[in-house]
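Asks: Data: final.cif, mmCIF, C-alpha atoms and all ligand atoms.
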```cif
data_data
loop_
_atom_site.label_atom_id
_atom_site.label_comp_id
_atom_site.auth_asym_id
_atom_site.auth_seq_id
_atom_site.Cartn_x
_atom_site.Cartn_y
_atom_site.Cartn_z
CA MET H 1 0.00 0.00 0.00
CA LYS H 2 1.15 3.57 -0.65
CA THR H 3 -0.05 7.01 0.43
CA GLN H 4 1.44 10.49 0.70
CA VAL H 5 1.15 11.15 4.44
CA VAL H 6 0.57 8.53 7.14
CA ILE H 7 -1.00 10.19 10.19
CA ILE H 8 -0.66 8.25 13.41
CA GLY H 9 -3.48 9.12 15.82
CA GLY H 10 -7.11 10.04 15.10
CA GLY H 11 -7.50 12.62 17.86
CA PRO H 12 -8.16 16.28 17.07
CA SER H 13 -4.68 17.02 15.68
CA GLY H 14 -4.51 13.97 13.41
CA LEU H 15 -8.02 14.48 12.06
CA LEU H 16 -7.55 18.21 11.46
CA LEU H 17 -4.27 17.64 9.65
CA SER H 18 -5.88 14.96 7.51
CA GLN H 19 -8.81 17.25 6.74
CA LEU H 20 -6.59 20.16 5.65
CA LEU H 21 -4.27 17.97 3.57
CA ASN H 22 -7.10 16.18 1.79
CA ARG H 23 -8.75 19.50 0.97
CA ALA H 24 -5.46 20.47 -0.69
CA GLY H 25 -5.53 17.25 -2.74
CA ILE H 26 -3.00 15.31 -0.64
CA GLU H 27 -3.78 11.69 0.19
CA THR H 28 -3.53 10.57 3.83
CA LEU H 29 -4.03 7.45 5.89
CA VAL H 30 -5.05 7.91 9.55
CA LEU H 31 -4.19 5.06 11.93
CA GLU H 32 -6.02 5.15 15.28
CA ARG H 33 -5.45 2.68 18.09
CA ALA H 34 -8.88 3.13 19.70
CA SER H 35 -12.39 2.61 18.36
CA ARG H 36 -14.28 5.68 17.20
CA ASP H 37 -16.70 5.37 20.12
CA ARG H 38 -13.78 5.34 22.53
CA VAL H 39 -12.21 8.46 20.98
CA LEU H 40 -15.57 10.24 21.18
CA SER H 41 -16.21 9.25 24.79
CA ARG H 42 -13.27 11.31 26.09
CA ILE H 43 -14.30 14.56 27.76
CA ARG H 44 -11.39 16.97 27.46
CA ALA H 45 -10.85 20.59 26.54
CA GLY H 46 -13.64 23.15 26.24
CA VAL H 47 -12.20 26.50 25.14
CA LEU H 48 -11.18 27.36 21.56
CA GLU H 49 -8.93 30.31 20.81
CA ALA H 50 -9.91 32.66 17.97
CA GLY H 51 -7.11 31.17 15.81
CA THR H 52 -8.45 27.66 16.39
CA VAL H 53 -11.94 28.79 15.39
CA GLN H 54 -10.49 30.29 12.21
CA MET H 55 -8.63 27.04 11.43
CA LEU H 56 -11.82 25.01 11.84
CA ARG H 57 -13.52 27.42 9.41
CA GLU H 58 -10.72 26.98 6.89
CA ALA H 59 -11.00 23.22 7.27
CA GLY H 60 -14.73 23.42 6.47
CA VAL H 61 -15.81 21.98 9.81
CA ALA H 62 -17.15 25.07 11.58
CA GLU H 63 -20.85 24.97 10.72
CA ARG H 64 -22.12 23.29 13.91
CA MET H 65 -19.60 25.17 16.07
CA GLU H 66 -20.95 28.51 14.73
CA ARG H 67 -24.47 27.34 15.64
CA GLU H 68 -23.92 25.59 18.96
CA GLY H 69 -20.66 27.04 20.31
CA ILE H 70 -20.88 29.89 22.80
CA PRO H 71 -18.64 32.93 22.20
CA HIS H 72 -17.27 34.19 25.53
CA ALA H 73 -16.26 37.85 25.78
CA GLY H 74 -14.52 37.37 29.12
CA CYS H 75 -13.88 35.15 32.14
CA TYR H 76 -13.32 35.57 35.86
CA LEU H 77 -10.33 34.89 38.08
CA THR H 78 -11.32 34.87 41.71
CA ASP H 79 -9.65 34.88 45.13
CA ASP H 80 -12.19 33.71 47.70
CA ASP H 81 -14.92 36.37 47.23
CA LEU H 82 -12.88 38.78 45.08
CA MET H 83 -14.00 38.43 41.44
CA VAL H 84 -11.71 39.87 38.75
CA ARG H 85 -13.21 39.99 35.26
CA ILE H 86 -10.87 39.64 32.31
CA ASN H 87 -12.62 41.38 29.44
CA PHE H 88 -11.17 39.60 26.38
CA GLU H 89 -13.29 41.60 23.91
CA GLY H 90 -12.56 44.95 25.48
CA LEU H 91 -8.85 44.31 26.02
CA THR H 92 -7.95 42.44 22.84
CA GLY H 93 -10.95 42.80 20.51
CA SER H 94 -11.44 39.02 20.41
CA PRO H 95 -13.65 36.52 22.25
CA VAL H 96 -12.96 32.80 22.72
CA MET H 97 -15.39 30.02 21.79
CA VAL H 98 -16.72 27.49 24.30
CA TYR H 99 -17.19 24.28 22.26
CA GLY H 100 -16.04 20.89 23.52
CA GLN H 101 -13.13 18.94 22.07
CA THR H 102 -15.49 15.98 21.75
CA GLU H 103 -17.74 18.02 19.45
CA VAL H 104 -14.76 19.22 17.38
CA THR H 105 -13.77 15.57 16.94
CA VAL H 106 -17.32 14.52 15.96
CA ASP H 107 -17.36 17.27 13.30
CA LEU H 108 -13.94 16.26 11.96
CA TYR H 109 -14.93 12.59 11.65
CA ALA H 110 -18.13 13.60 9.83
CA ALA H 111 -16.19 15.79 7.38
CA GLN H 112 -13.56 13.09 6.79
CA ASP H 113 -16.27 10.50 6.13
CA ALA H 114 -17.97 12.87 3.69
CA MET H 115 -14.68 13.28 1.82
CA GLY H 116 -14.10 9.52 1.78
CA THR H 117 -10.69 9.61 3.49
CA THR H 118 -9.27 6.46 5.06
CA ILE H 119 -9.26 6.24 8.86
CA VAL H 120 -8.43 2.82 10.26
CA HIS H 121 -9.51 2.24 13.87
CA ASP H 122 -8.40 -0.43 16.35
CA VAL H 123 -4.93 -0.70 14.80
CA GLU H 124 -2.20 -2.41 16.83
CA ASP H 125 1.59 -2.41 16.91
CA VAL H 126 2.23 0.63 14.73
CA VAL H 127 5.91 0.83 13.77
CA ILE H 128 7.52 3.75 11.91
CA ASN H 129 10.47 2.62 9.77
CA ASP H 130 13.28 4.52 8.03
CA ALA H 131 11.92 7.93 9.06
CA ASP H 132 15.39 9.39 8.55
CA SER H 133 15.53 8.21 4.93
CA THR H 134 13.75 9.46 1.81
CA ALA H 135 11.53 6.35 1.78
CA PRO H 136 9.81 5.90 5.15
CA PHE H 137 7.19 3.20 5.68
CA VAL H 138 4.77 2.37 8.46
CA GLU H 139 3.63 -1.08 9.53
CA TYR H 140 0.55 -1.89 11.59
CA THR H 141 -1.78 -4.73 12.42
CA SER H 142 -5.46 -4.47 11.56
CA ALA H 143 -7.97 -7.32 12.02
CA GLY H 144 -5.07 -9.72 12.57
CA LYS H 145 -3.25 -8.76 9.33
CA ARG H 146 0.15 -7.06 9.22
CA ILE H 147 0.11 -4.21 6.69
CA ARG H 148 2.91 -2.09 5.21
CA VAL H 149 2.32 1.44 3.90
CA ASP H 150 5.00 3.35 2.03
CA CYS H 151 4.73 7.11 2.22
CA ASP H 152 6.43 10.46 1.71
CA TYR H 153 5.95 11.73 5.26
CA VAL H 154 4.73 10.55 8.67
CA ALA H 155 2.85 12.81 11.10
CA GLY H 156 2.98 11.67 14.73
CA CYS H 157 -0.33 12.91 16.17
CA ASP H 158 -0.61 10.04 18.66
CA GLY H 159 -0.65 11.87 21.98
CA PHE H 160 1.67 11.62 24.95
CA HIS H 161 1.69 7.80 25.09
CA GLY H 162 2.05 7.18 21.37
CA VAL H 163 4.83 5.51 19.37
CA SER H 164 6.00 8.49 17.31
CA ARG H 165 8.09 10.36 19.86
CA PRO H 166 9.99 7.25 21.07
CA THR H 167 10.77 6.44 17.42
CA ILE H 168 13.21 9.37 17.47
CA PRO H 169 16.49 8.18 19.01
CA ALA H 170 17.00 9.56 22.52
CA GLU H 171 20.29 11.22 21.56
CA LYS H 172 18.52 13.21 18.83
CA ARG H 173 16.08 14.97 21.16
CA ARG H 174 15.75 16.85 24.46
CA GLU H 175 13.01 16.79 27.05
CA PHE H 176 11.93 19.48 29.51
CA GLU H 177 9.45 18.59 32.22
CA ARG H 178 7.71 19.90 35.32
CA VAL H 179 5.29 17.61 37.14
CA TYR H 180 2.85 19.37 39.49
CA PRO H 181 1.97 17.82 42.85
CA PHE H 182 -1.78 17.71 42.13
CA GLY H 183 -4.36 16.68 39.56
CA TRP H 184 -7.77 17.92 38.44
CA LEU H 185 -10.94 16.03 39.27
CA GLY H 186 -13.44 16.86 36.54
CA VAL H 187 -17.20 16.42 36.65
CA LEU H 188 -19.77 16.80 33.88
CA SER H 189 -23.37 17.36 34.98
CA ARG H 190 -26.68 18.10 33.30
CA THR H 191 -27.17 21.33 35.20
CA PRO H 192 -27.15 25.00 34.14
CA PRO H 193 -23.66 26.58 34.45
CA ALA H 194 -22.91 28.24 37.81
CA HIS H 195 -22.16 31.48 35.95
CA HIS H 196 -22.51 32.66 32.35
CA GLU H 197 -18.70 33.03 32.08
CA LEU H 198 -15.87 30.69 33.15
CA ILE H 199 -14.53 31.12 36.69
CA TYR H 200 -10.94 30.14 37.55
CA ALA H 201 -10.94 30.18 41.37
CA ASN H 202 -8.04 30.52 43.76
CA SER H 203 -9.23 30.01 47.32
CA SER H 204 -8.12 29.04 50.77
CA ASN H 205 -9.58 25.60 49.92
CA GLY H 206 -7.60 25.20 46.69
CA PHE H 207 -8.26 25.66 42.97
CA ALA H 208 -11.57 25.17 41.16
CA LEU H 209 -12.81 25.87 37.64
CA ALA H 210 -16.44 26.40 36.69
CA SER H 211 -16.90 25.81 32.96
CA MET H 212 -19.68 24.65 30.67
CA ARG H 213 -20.65 23.00 27.42
CA ASN H 214 -24.14 24.52 26.93
CA GLU H 215 -26.99 26.08 28.91
CA ASN H 216 -27.83 22.77 30.54
CA LEU H 217 -24.43 21.05 30.65
CA SER H 218 -21.76 22.13 33.11
CA ARG H 219 -18.13 21.13 33.44
CA TYR H 220 -16.40 21.65 36.78
CA TYR H 221 -12.95 20.85 38.14
CA VAL H 222 -11.35 20.91 41.58
CA GLN H 223 -7.71 20.37 42.50
CA VAL H 224 -7.02 16.98 44.15
CA SER H 225 -3.89 15.27 45.40
CA LEU H 226 -1.97 13.07 42.95
CA THR H 227 -2.79 9.92 44.89
CA ASP H 228 -6.54 10.59 44.99
CA LYS H 229 -8.98 8.22 43.27
CA VAL H 230 -12.30 8.98 41.58
CA GLU H 231 -13.96 6.37 43.86
CA ASN H 232 -13.13 8.59 46.85
CA TRP H 233 -15.31 11.36 45.46
CA SER H 234 -19.07 10.96 45.85
CA ASP H 235 -21.07 13.63 44.02
CA GLU H 236 -21.91 15.19 47.37
CA ARG H 237 -18.25 15.49 48.36
CA PHE H 238 -17.42 16.99 44.98
CA TRP H 239 -20.13 19.67 45.15
CA ASP H 240 -19.15 20.58 48.73
CA LYS H 241 -15.52 21.00 47.70
CA LEU H 242 -16.39 22.98 44.56
CA GLN H 243 -18.71 25.31 46.44
CA SER H 244 -16.09 25.90 49.14
CA CYS H 245 -13.66 27.17 46.46
CA LEU H 246 -16.03 29.40 44.43
CA PRO H 247 -17.01 32.95 45.49
CA SER H 248 -19.99 32.70 47.86
CA GLU H 249 -22.33 34.68 45.56
CA VAL H 250 -21.80 31.98 42.90
CA ALA H 251 -21.63 28.99 45.27
CA ASN H 252 -24.88 29.97 47.00
CA THR H 253 -26.94 30.20 43.82
CA MET H 254 -25.50 27.40 41.70
CA ILE H 255 -27.54 24.31 40.85
CA THR H 256 -26.00 20.90 41.49
CA GLY H 257 -27.13 17.49 40.24
CA PRO H 258 -25.92 13.97 39.50
CA SER H 259 -22.57 13.71 37.72
CA ILE H 260 -22.57 12.04 34.29
CA GLU H 261 -18.76 11.77 34.04
CA LYS H 262 -16.01 11.99 36.61
CA SER H 263 -12.28 11.62 35.99
CA ILE H 264 -8.90 12.68 37.35
CA ALA H 265 -6.13 14.08 35.14
CA PRO H 266 -2.57 14.71 36.39
CA LEU H 267 -0.98 18.08 35.61
CA ARG H 268 2.36 18.42 33.89
CA SER H 269 4.36 20.74 31.67
CA TYR H 270 6.43 18.85 29.10
CA VAL H 271 8.25 19.73 25.90
CA ASN H 272 10.14 17.41 23.58
CA GLU H 273 12.34 19.07 20.97
CA PRO H 274 12.85 19.05 18.07
CA LEU H 275 9.49 18.19 16.47
CA ARG H 276 11.13 16.63 13.42
CA TRP H 277 13.35 13.68 12.68
CA GLY H 278 13.89 13.21 8.95
CA ARG H 279 10.44 12.66 7.45
CA LEU H 280 8.67 12.22 10.80
CA PHE H 281 6.94 15.26 12.34
CA LEU H 282 5.50 15.39 15.85
CA VAL H 283 2.27 17.30 16.52
CA GLY H 284 0.24 18.19 19.63
CA ASP H 285 0.34 16.08 22.79
CA ALA H 286 2.84 13.73 21.12
CA THR H 287 5.48 16.37 21.74
CA HIS H 288 4.16 18.75 24.41
CA ILE H 289 1.81 18.76 27.37
CA VAL H 290 0.55 21.80 29.25
CA PRO H 291 -1.33 21.84 32.54
CA PRO H 292 -4.95 22.61 31.59
CA THR H 293 -5.19 25.85 33.59
CA GLY H 294 -4.68 28.11 30.57
CA ALA H 295 -6.94 26.04 28.23
CA LYS H 296 -4.00 25.67 25.85
CA GLY H 297 -3.64 21.89 25.16
CA LEU H 298 -5.99 21.53 22.22
CA ASN H 299 -5.25 25.03 20.92
CA LEU H 300 -1.53 24.33 20.83
CA ALA H 301 -2.14 21.09 18.92
CA VAL H 302 -4.09 23.14 16.37
CA SER H 303 -1.30 25.71 15.95
CA ASP H 304 1.17 22.87 15.27
CA VAL H 305 -1.24 21.61 12.59
CA PHE H 306 -1.41 25.13 11.15
CA TYR H 307 2.37 25.22 10.63
CA LEU H 308 2.71 21.61 9.49
CA HIS H 309 -0.13 21.48 6.98
CA GLN H 310 1.25 24.50 5.14
CA ALA H 311 4.74 23.00 5.20
CA LEU H 312 3.59 19.62 3.86
CA ILE H 313 1.50 21.23 1.12
CA ASP H 314 4.54 23.27 0.02
CA ALA H 315 6.75 20.18 0.06
CA LEU H 316 4.36 17.86 -1.74
CA LYS H 317 2.74 20.29 -4.18
CA ASN H 318 5.51 22.80 -4.86
CA HIS H 319 8.67 20.80 -4.03
CA ASP H 320 9.54 23.58 -1.56
CA GLU H 321 10.98 22.18 1.67
CA THR H 322 11.55 25.51 3.46
CA GLY H 323 8.39 24.98 5.53
CA ILE H 324 9.26 21.48 6.71
CA ASP H 325 12.81 22.57 7.49
CA GLY H 326 11.48 25.42 9.64
CA TYR H 327 8.49 23.58 11.18
CA SER H 328 10.05 22.59 14.48
CA GLU H 329 11.62 25.96 15.24
CA ARG H 330 8.51 27.87 14.22
CA ALA H 331 6.14 25.72 16.26
CA LEU H 332 8.43 25.70 19.31
CA LYS H 333 8.48 29.49 19.51
CA ARG H 334 4.75 29.52 20.11
CA ILE H 335 4.80 26.34 22.24
CA TRP H 336 7.21 27.85 24.79
CA LYS H 337 5.08 30.98 25.17
CA ALA H 338 1.99 28.85 25.84
CA MET H 339 4.09 26.76 28.27
CA ARG H 340 4.98 29.91 30.17
CA PHE H 341 1.38 31.10 30.32
CA SER H 342 0.00 27.72 31.44
CA TRP H 343 2.69 27.41 34.13
CA GLN H 344 2.01 30.96 35.34
CA MET H 345 -1.78 30.40 35.51
CA THR H 346 -1.20 27.11 37.33
CA SER H 347 1.19 28.69 39.85
CA MET H 348 -1.14 31.66 40.41
CA LEU H 349 -4.21 29.56 41.16
CA HIS H 350 -3.23 26.30 42.91
CA GLN H 351 -2.21 25.39 46.43
CA PHE H 352 1.03 23.38 46.46
CA GLU H 353 1.22 20.74 49.18
CA GLY H 354 3.73 21.69 51.84
CA GLU H 355 4.04 25.28 50.59
CA ASP H 356 4.93 28.04 53.03
CA SER H 357 2.53 30.82 54.05
CA PHE H 358 4.40 33.22 51.72
CA ALA H 359 3.21 31.33 48.65
CA ALA H 360 -0.47 31.91 49.44
CA GLN H 361 0.20 35.61 49.93
CA MET H 362 1.91 35.79 46.52
CA ARG H 363 -1.18 34.31 44.86
CA LYS H 364 -3.40 36.83 46.65
CA ALA H 365 -1.13 39.72 45.69
CA THR H 366 -1.08 38.60 42.03
CA LEU H 367 -4.87 38.50 41.93
CA ALA H 368 -5.15 41.85 43.76
CA HIS H 369 -2.78 43.35 41.19
CA LEU H 370 -4.89 41.93 38.36
CA ALA H 371 -7.98 43.53 39.91
CA GLN H 372 -6.25 46.90 39.97
CA SER H 373 -4.20 46.93 36.76
CA GLU H 374 -5.68 46.98 33.29
CA THR H 375 -2.18 46.35 31.93
CA ALA H 376 -1.96 43.10 33.89
CA ARG H 377 -5.42 42.06 32.72
CA ARG H 378 -4.53 42.85 29.11
CA GLU H 379 -1.39 40.72 29.32
CA LEU H 380 -3.45 37.81 30.62
CA ALA H 381 -6.21 38.33 28.04
CA GLU H 382 -3.72 38.48 25.16
CA ASN H 383 -2.29 35.10 26.14
CA TYR H 384 -5.64 33.51 26.96
CA ILE H 385 -7.29 34.35 23.63
CA GLY H 386 -4.17 32.97 21.93
CA LEU H 387 -0.98 34.51 20.58
CA PRO H 388 -0.83 34.94 16.79
CA PHE H 389 0.28 31.91 14.75
P1 LIG F 401 -4.83 13.16 21.62
O1 LIG F 401 -6.14 13.83 21.81
O2 LIG F 401 -4.22 12.49 22.78
O3 LIG F 401 -5.01 12.14 20.43
C1 LIG F 401 -4.03 11.14 20.15
C2 LIG F 401 -4.70 9.96 19.50
O4 LIG F 401 -3.70 9.02 19.14
C3 LIG F 401 -5.66 9.25 20.43
O5 LIG F 401 -6.90 9.11 19.81
C4 LIG F 401 -4.97 7.91 20.71
O6 LIG F 401 -5.91 6.86 20.89
C5 LIG F 401 -4.15 7.72 19.46
N1 LIG F 401 -2.97 6.87 19.66
C6 LIG F 401 -2.13 6.84 20.72
N2 LIG F 401 -1.15 5.94 20.52
C7 LIG F 401 -1.36 5.39 19.31
C8 LIG F 401 -0.69 4.40 18.56
N3 LIG F 401 0.39 3.80 19.03
N4 LIG F 401 -1.19 4.08 17.36
C9 LIG F 401 -2.28 4.70 16.86
N5 LIG F 401 -2.96 5.65 17.53
C10 LIG F 401 -2.51 5.99 18.74
N6 LIG F 401 -6.79 20.39 27.43
C11 LIG F 401 -7.43 21.48 27.77
O7 LIG F 401 -7.17 22.53 27.20
N7 LIG F 401 -8.42 21.43 28.75
C12 LIG F 401 -8.73 20.27 29.39
O8 LIG F 401 -9.60 20.25 30.25
C13 LIG F 401 -8.05 19.12 29.07
N8 LIG F 401 -8.31 17.94 29.71
C14 LIG F 401 -7.57 16.84 29.39
C15 LIG F 401 -7.79 15.64 30.03
C16 LIG F 401 -7.03 14.50 29.74
C17 LIG F 401 -7.27 13.21 30.48
C18 LIG F 401 -6.03 14.58 28.75
C19 LIG F 401 -5.18 13.37 28.40
C20 LIG F 401 -5.83 15.78 28.06
C21 LIG F 401 -6.58 16.92 28.39
N9 LIG F 401 -6.39 18.13 27.73
C22 LIG F 401 -7.06 19.22 28.06
C23 LIG F 401 -5.44 18.28 26.66
C24 LIG F 401 -6.11 18.17 25.29
O9 LIG F 401 -7.19 17.30 25.35
C25 LIG F 401 -5.04 17.71 24.36
O10 LIG F 401 -4.06 18.72 24.28
C26 LIG F 401 -5.54 17.33 22.96
O11 LIG F 401 -6.35 16.19 23.03
C27 LIG F 401 -4.36 17.07 22.05
O12 LIG F 401 -4.80 16.49 20.88
P2 LIG F 401 -3.92 15.44 20.10
O13 LIG F 401 -4.71 15.09 18.90
O14 LIG F 401 -2.56 15.99 19.92
O15 LIG F 401 -3.75 14.20 21.08
C1 LIG F 402 -12.20 23.65 30.33
C2 LIG F 402 -11.00 23.05 30.59
C3 LIG F 402 -9.90 23.83 30.84
O1 LIG F 402 -8.71 23.28 31.09
C4 LIG F 402 -9.98 25.21 30.83
O2 LIG F 402 -8.88 25.94 31.13
C5 LIG F 402 -11.19 25.81 30.56
C6 LIG F 402 -12.30 25.01 30.30
C7 LIG F 402 -13.38 22.80 30.08
O3 LIG F 402 -13.25 21.57 30.07
O4 LIG F 402 -14.46 23.36 29.87
#
```
Could you rewrite the structure in this file as C-alpha cells?
Replies:
Amino acid sequence: MKTQVVIIGGGPSGLLLSQLLNRAGIETLVLERASRDRVLSRIRAGVLEAGTVQMLREAGVAERMEREGIPHAGCYLTDDDLMVRINFEGLTGSPVMVYGQTEVTVDLYAAQDAMGTTIVHDVEDVVINDADSTAPFVEYTSAGKRIRVDCDYVAGCDGFHGVSRPTIPAEKRREFERVYPFGWLGVLSRTPPAHHELIYANSSNGFALASMRNENLSRYYVQVSLTDKVENWSDERFWDKLQSCLPSEVANTMITGPSIEKSIAPLRSYVNEPLRWGRLFLVGDATHIVPPTGAKGLNLAVSDVFYLHQALIDALKNHDETGIDGYSERALKRIWKAMRFSWQMTSMLHQFEGEDSFAAQMRKATLAHLAQSETARRELAENYIGLPF
C-alpha cells in the first residue's frame, strides 16, 4: 500500500491535519489505536482560541460550532470572594469560543467520512520505519493482518503515550518537564452553568474551575492530590468542595445534580524538541503537554497543525521544503510561550502541598494586582485568547 502522508493518531490534531491535507488534494491514511466510540467518549478541553476557530472554518468543519458554540467575551479569576473579570473583547478585541473537544472531533470525523478519506480504527503495533531516509514506511496490524504502507511523510499525532516520539532516538532529542503535585478532578453534569462566564478560582480551599458546554451542561474541576482516586469522590463530596472554592455569591446560587462523568487528570508541563526527525513530524500532545489551567492543550495542537499542513503542502505540491525545514523551530516558539502562560496560571491559582505561608500571599497579591491593573489584565487576556500563529 502507498499514500502520501501517514498520520498516526485520530485525535483532534490527526483528524484536522488529515482534513486540511485532503482539501489540498494530498492523500492521507489515519491510523487510530482506539475505536471511534472510545475516541468520542473522552471529555477533554472546552475553550477554543480565535485562531483555532479560524482554522476550523478553513478546514470546512465550523458549521455546527458557529451554531452551537458559545462565544465568551470574558472570564473571571477569583480569590475567595474577590472576582476579577478579564474582558477579552474589550482588552484584545477578540472573544474565545466554548465548544467541547469531543464536538470538534465529531465534526472532523463527519467531514472526513464525507470526503471519503481512510481512517483505520483499532490498529495495533504501529511501527515507523526509516523515518530518517527518503523512503519511510509504516507497519501496523489491523484485524489480525500485518500491513505495510509506504509514504512520503509521517505525522505523529498520537498523543503523549504514542509511538512516534519514542521512534526518534534519545540522543537526537531533548526533554523538559515539570510535574505538578496535584491533579484535576473533573465532573460533567446536566445542570445550568454556575455562571454565564468561566470562573478560575483561587481560594483558601484550593483551585476550582467552573466551565460549561451549553446552557444545561456544566463542566467543573477541583484540585485533588496526585494519589486521589475517583472512587473517593461521591457527588456530594465533589459539590461541597467545589462550592467551598467558588465565590460565595456563585456557590450559593448554583444548581448541582448527579454527575454524568467523573475523571482525574494529572498536571504536567512537558516539551520534547525538536518536532522533526527526517520525514517524521510530531504534533500536539505527542510532543508537548501543558497543565490545563490556561486552556492551551488543544489550541496548541491546532497551531502545530497550522504550521505543518502548510509546510507539507509546500513540500508535496511545490517541491519547496523551506516549511518542513522550519516547522520545528517555528512551532516551538509559540509552544514555549503557551508553556509559560500555562505554568504561570497554574502557579497563580493552585495550592502546592507543603508550601509556606508566603506562597499563598503571593497568589493573593497577584490577583489583587490583576484587579487593579488593566495592563496586567490585558497581558493575561492576550495570552488567553491565543498569541498569533
Ligand atoms: P490526543 O487527543 O491524545 O489524540 C491522540 C490519538 O492518538 C488518540 O486518539 C490515541 O488513541 C491515538 N494513539 C495513541 N497511541 C497510538 C498508537 N500507538 N497508534 C495509533 N494511535 C494511537 N486540554 C485542555 O485545554 N483542557 C482540558 O480540560 C483538558 N483535559 C484533558 C484531560 C485529559 C485526560 C487529557 C489526556 C488531556 C486533556 N487536555 C485538556 C489536553 C487536550 O485534550 C489535548 O491537548 C488534545 O487532546 C491534544 O490532541 P492530540 O490530537 O494531539 O492528542
Ligand atoms: C475547560 C478546561 C480547561 O482546562 C480550561 O482551562 C477551561 C475550560 C473545560 O473543560 O471546559
Asks: Within 12 Å of Phe352 (chain H), counting all atoms listed in the file, which residues qualify if same-chain residues fewer than 4 places away don't, as a PyMOL selection string?
Replies: chain H and resi 179-183+202+204-207+223-226+346-348+356-360+363
Asks: How would you report the residues lying within 6 Å of ligand LIG 401 (chain F), as an NGL selection string, if you count all atoms listed in the file?
Replies: :H and (8-14 or 31-34 or 39 or 44-45 or 126 or 157-159 or 161-163 or 265 or 284-286 or 292 or 295-298 or 301)
Asks: Using the selection just defined, write its residues with C-alpha atoms as a tab-separated table (two decimals), keeping the file's coordinate frame.
Replies:
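After the write, selection33.tsv holds the following:
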```tsv
chain	number	residue	atom	x	y	z
H	8	ILE	CA	-0.66	8.25	13.41
H	9	GLY	CA	-3.48	9.12	15.82
H	10	GLY	CA	-7.11	10.04	15.10
H	11	GLY	CA	-7.50	12.62	17.86
H	12	PRO	CA	-8.16	16.28	17.07
H	13	SER	CA	-4.68	17.02	15.68
H	14	GLY	CA	-4.51	13.97	13.41
H	31	LEU	CA	-4.19	5.06	11.93
H	32	GLU	CA	-6.02	5.15	15.28
H	33	ARG	CA	-5.45	2.68	18.09
H	34	ALA	CA	-8.88	3.13	19.70
H	39	VAL	CA	-12.21	8.46	20.98
H	44	ARG	CA	-11.39	16.97	27.46
H	45	ALA	CA	-10.85	20.59	26.54
H	126	VAL	CA	2.23	0.63	14.73
H	157	CYS	CA	-0.33	12.91	16.17
H	158	ASP	CA	-0.61	10.04	18.66
H	159	GLY	CA	-0.65	11.87	21.98
H	161	HIS	CA	1.69	7.80	25.09
H	162	GLY	CA	2.05	7.18	21.37
H	163	VAL	CA	4.83	5.51	19.37
H	265	ALA	CA	-6.13	14.08	35.14
H	284	GLY	CA	0.24	18.19	19.63
H	285	ASP	CA	0.34	16.08	22.79
H	286	ALA	CA	2.84	13.73	21.12
H	292	PRO	CA	-4.95	22.61	31.59
H	295	ALA	CA	-6.94	26.04	28.23
H	296	LYS	CA	-4.00	25.67	25.85
H	297	GLY	CA	-3.64	21.89	25.16
H	298	LEU	CA	-5.99	21.53	22.22
H	301	ALA	CA	-2.14	21.09	18.92
```
Asks: When the cut-off is 9 Å and you count all atoms listed in the file, which residues lie near ligand LIG 402 (chain F), shown as a compact mmCIF listing (two decimals) with C-alpha atoms, in the coordinates of the input?
Replies:
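Listed below is the output, result24.txt:
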```txt
# COMPACT_ATOMS: atom_id res chain seq x y z
CA ILE H 43 -14.30 14.56 27.76
CA ARG H 44 -11.39 16.97 27.46
CA ALA H 45 -10.85 20.59 26.54
CA GLY H 46 -13.64 23.15 26.24
CA VAL H 47 -12.20 26.50 25.14
CA VAL H 98 -16.72 27.49 24.30
CA TYR H 99 -17.19 24.28 22.26
CA GLY H 100 -16.04 20.89 23.52
CA GLN H 101 -13.13 18.94 22.07
CA GLY H 186 -13.44 16.86 36.54
CA LEU H 188 -19.77 16.80 33.88
CA LEU H 198 -15.87 30.69 33.15
CA ILE H 199 -14.53 31.12 36.69
CA TYR H 200 -10.94 30.14 37.55
CA LEU H 209 -12.81 25.87 37.64
CA ALA H 210 -16.44 26.40 36.69
CA SER H 211 -16.90 25.81 32.96
CA MET H 212 -19.68 24.65 30.67
CA ARG H 213 -20.65 23.00 27.42
CA SER H 218 -21.76 22.13 33.11
CA ARG H 219 -18.13 21.13 33.44
CA TYR H 220 -16.40 21.65 36.78
CA TYR H 221 -12.95 20.85 38.14
CA PRO H 291 -1.33 21.84 32.54
CA PRO H 292 -4.95 22.61 31.59
CA THR H 293 -5.19 25.85 33.59
CA GLY H 294 -4.68 28.11 30.57
CA ALA H 295 -6.94 26.04 28.23
CA LYS H 296 -4.00 25.67 25.85
CA GLY H 297 -3.64 21.89 25.16
```
Asks: Pick out the closest residue to Cys75 (chain H) from this set: H:Leu282, H:Leu40, H:Val154, H:Ala201. Count only C-alpha atoms.
Replies: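 Between H:Leu282, H:Leu40, H:Val154, H:Ala201, the residue approaching Cys75 (chain H) most closely is H:Ala201.
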Asks: Would you kindly identify which residues have an atom no farther than 12 Å from (15.7, 4.6, 6.1), using all atoms listed in the file and the file's own coordinates, and write them out as a VMD selection string?
Replies: chain H and resid 128 to 138 150 to 152 277 to 280
Asks: Please provide the set of residues having any atom within 9 Å of Glu249 (chain H), restricted to only C-alpha atoms, with same-chain residues fewer than 4 positions apart removed, written as a list in words.
Replies: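 In the requested form, the answer reads Asp81, Thr253 and Met254 of chain H.
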Asks: For Arg330 (chain H), which residue out of H:Trp343, H:Tyr307, H:Trp184, H:Tyr153 is the nearest one, using all atoms listed in the file?
Replies: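 That would be H:Tyr307, the residue with the smallest distance to Arg330 (chain H).
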Asks: Counting all atoms listed in the file, figure out which residue out of H:Thr227, H:His195, H:Glu58, H:Arg42 gets nearest to Lys262 (chain H).
Replies: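 Closest candidate: H:Arg42.
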Asks: CA of Ile86 (chain H) to CA of Val302 (chain H): how many Å, to one decimal?
Replies: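 Between CA of Ile86 (chain H) and CA of Val302 (chain H) the gap is 23.9 Å.
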Asks: Could you jot down the CA of Glu374 (chain H) to CA of His72 (chain H) separation for me, Å, one decimal place?
Replies: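 Distance reported for this atom pair: 18.9 Å.
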Asks: Would you please work out which residue, of H:Ala338, H:Leu246, H:Val84, H:Ala208, is nearest to Val271 (chain H) when using all atoms listed in the file?
Replies: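 Counting all atoms listed in the file, the residue closest to Val271 (chain H) is H:Ala338.
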Asks: Suppose you want the space between CA of Gln112 (chain H) and CA of Asn22 (chain H); what is it in Å?
Replies: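 Taking CA of Gln112 (chain H) as the start and CA of Asn22 (chain H) as the end point, the length is 8.7 Å.
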